[in-house]
Amino acid sequence: MNIFRQKKSLGQHFLLDPNLLRKIVKLAEILPDEHVWEIGPGKGTLTRELLKTGCRLTLFEIDRELVQYLHDMLPPEVTVIQGDVLKSDWQKLFPETKIKIVSNLPFQISTPLLFRLAQASPAFSRIVLMLQKELAQRIRATAGTADYGLLSLKMQYYFSIKYAFTVKKHLFKPPPRVDAAVLVLHPRVDSPILTDPDFFWSIVTATFGNRRKILGNNLKKFLSLAQLRELGRRAPEILVRRAETLTEMEFVHLVEQIRRITGLDSPEDR
Ligand code: SAM
């Protein structure tokens, strides 16, 4: 008997297939005693599979009813944090060692959560995520394709990303609208070094501001006319392109030029 009221607004699509659950956990290559976070444990089917690895488990679940159920069902050493994972203070929860995340993500918080994972990437050693297939494709998209955007660039800057497999929607209960996919993320060690990451990402975000506009127009908020002219002189071909055609290295060079033009990169800083 199902005693829960399934809440669609919380993205509650549960996984029951034991083979699939095993396959997901295997991707995480968890060692006994490793710290693992599961976001949105739901009724705990993936949780139980995770516990078999002997890991130390922290769960984030927003639904009070499910939290009560998880408390009753799971061994006391499992930490269950009730609330919105996006609002919880991760910094306070980070152990001294790196964390692995394994999650069948609620679709409605996937994008903001991905941006947060990117920001905190050094805290993790591996992340295994089930997401909507379309979102997985956007994350992996390459420059110049329709799916490419700020999310692709940011996720690919902070992580190397492997597409593990597709999961058909009928394997969930209740089935969602679209198929899902499982991605494996590893924090990247070879990303180009950014002199000022906050400045870099604010420029990049601005360039993606209006997808129909060319880069020169999207940068008007940041640069004076004289600065834009100077940028046009130094990198004439780039200003007439749209942000979604630029690769990671092209963005790095663009922002370097902007730092020089705006005086942020003074000779003493070099
Ligand atoms: N892991 C379970 C499974 O695979 O069967 C459930 C996955 S279900 C797709 C997503 C879960 O995330 C639900 O249990 C939902 O209540 C929970 N959830 C939704 N929004 C959340 C949030 N902001 N913070 C934490 N948990 C959330």
# chains A, B, ... in the order shown; residues from 1 in each chain; ligands from 1
>>> residues_around(residues="region 2-14 of chain A", least_positions_apart="2", cutoff="8 Å", atoms="only C-alpha atoms", output="number ranges by chain")
A: 16, 42-43, 65-66, 106-108, 172-176
>>> write_last_selection(atoms="N, CA, C and O atoms", output="short mmCIF file (atom, residue, chain, number, x, y, z; two decimals), in the first residue's frame")
data_model
loop_
_atom_site.label_atom_id
_atom_site.label_comp_id
_atom_site.auth_asym_id
_atom_site.auth_seq_id
_atom_site.Cartn_x
_atom_site.Cartn_y
_atom_site.Cartn_z
N LEU A 16 12.56 2.08 -9.18
CA LEU A 16 12.34 0.84 -8.44
C LEU A 16 13.20 -0.31 -8.98
O LEU A 16 13.52 -1.24 -8.25
N GLY A 42 13.89 10.37 -1.67
CA GLY A 42 12.53 9.84 -1.90
C GLY A 42 12.21 8.73 -0.94
O GLY A 42 12.35 8.87 0.27
N LYS A 43 11.82 7.57 -1.48
CA LYS A 43 11.46 6.44 -0.62
C LYS A 43 12.67 5.58 -0.27
O LYS A 43 12.52 4.50 0.31
N GLU A 65 7.12 14.24 5.00
CA GLU A 65 6.55 12.89 5.12
C GLU A 65 7.60 11.84 4.82
O GLU A 65 7.74 10.84 5.52
N LEU A 66 8.36 12.10 3.74
CA LEU A 66 9.40 11.14 3.35
C LEU A 66 10.54 11.12 4.36
O LEU A 66 11.10 10.07 4.66
N PRO A 106 15.62 15.85 -8.56
CA PRO A 106 14.31 16.41 -8.90
C PRO A 106 14.48 17.42 -10.03
O PRO A 106 15.34 18.30 -9.94
N PHE A 107 13.69 17.27 -11.09
CA PHE A 107 13.97 18.06 -12.30
C PHE A 107 13.83 19.56 -12.08
O PHE A 107 14.53 20.35 -12.69
N GLN A 108 12.94 19.95 -11.14
CA GLN A 108 12.67 21.40 -11.03
C GLN A 108 13.80 22.17 -10.36
O GLN A 108 13.83 23.39 -10.42
N PHE A 172 10.36 4.83 -14.37
CA PHE A 172 10.05 5.60 -13.16
C PHE A 172 8.60 5.41 -12.77
O PHE A 172 7.75 5.16 -13.61
N LYS A 173 8.34 5.62 -11.48
CA LYS A 173 6.96 5.55 -11.01
C LYS A 173 6.63 6.82 -10.25
O LYS A 173 7.28 7.08 -9.24
N PRO A 174 5.71 7.65 -10.67
CA PRO A 174 5.06 7.63 -11.98
C PRO A 174 6.03 8.09 -13.06
O PRO A 174 7.00 8.79 -12.74
N PRO A 175 5.79 7.73 -14.32
CA PRO A 175 6.73 8.12 -15.38
C PRO A 175 6.72 9.63 -15.62
O PRO A 175 5.65 10.24 -15.60
N PRO A 176 7.89 10.23 -15.78
CA PRO A 176 7.93 11.65 -16.12
C PRO A 176 7.57 11.86 -17.59
O PRO A 176 7.33 10.89 -18.32
#
>>> select_by_dssp(residues="region 93-160 of chain A", states="strand (DSSP E)", output="PyMOL selection string")
chain A and resi 99-104+124-132+159-160
>>> residues_around(residues="region 181-192 of chain A", least_positions_apart="4", cutoff="9 Å", atoms="only C-alpha atoms", output="ChimeraX atom specification")
/A:24,27-28,104,118,121-137,155-168,248-249,252
>>> closest_residue(among="A:Thr97, A:Ser152, A:Thr45, A:Ser110", to="ligand 1", atoms="only C-alpha atoms and all ligand atoms")
A:Thr45
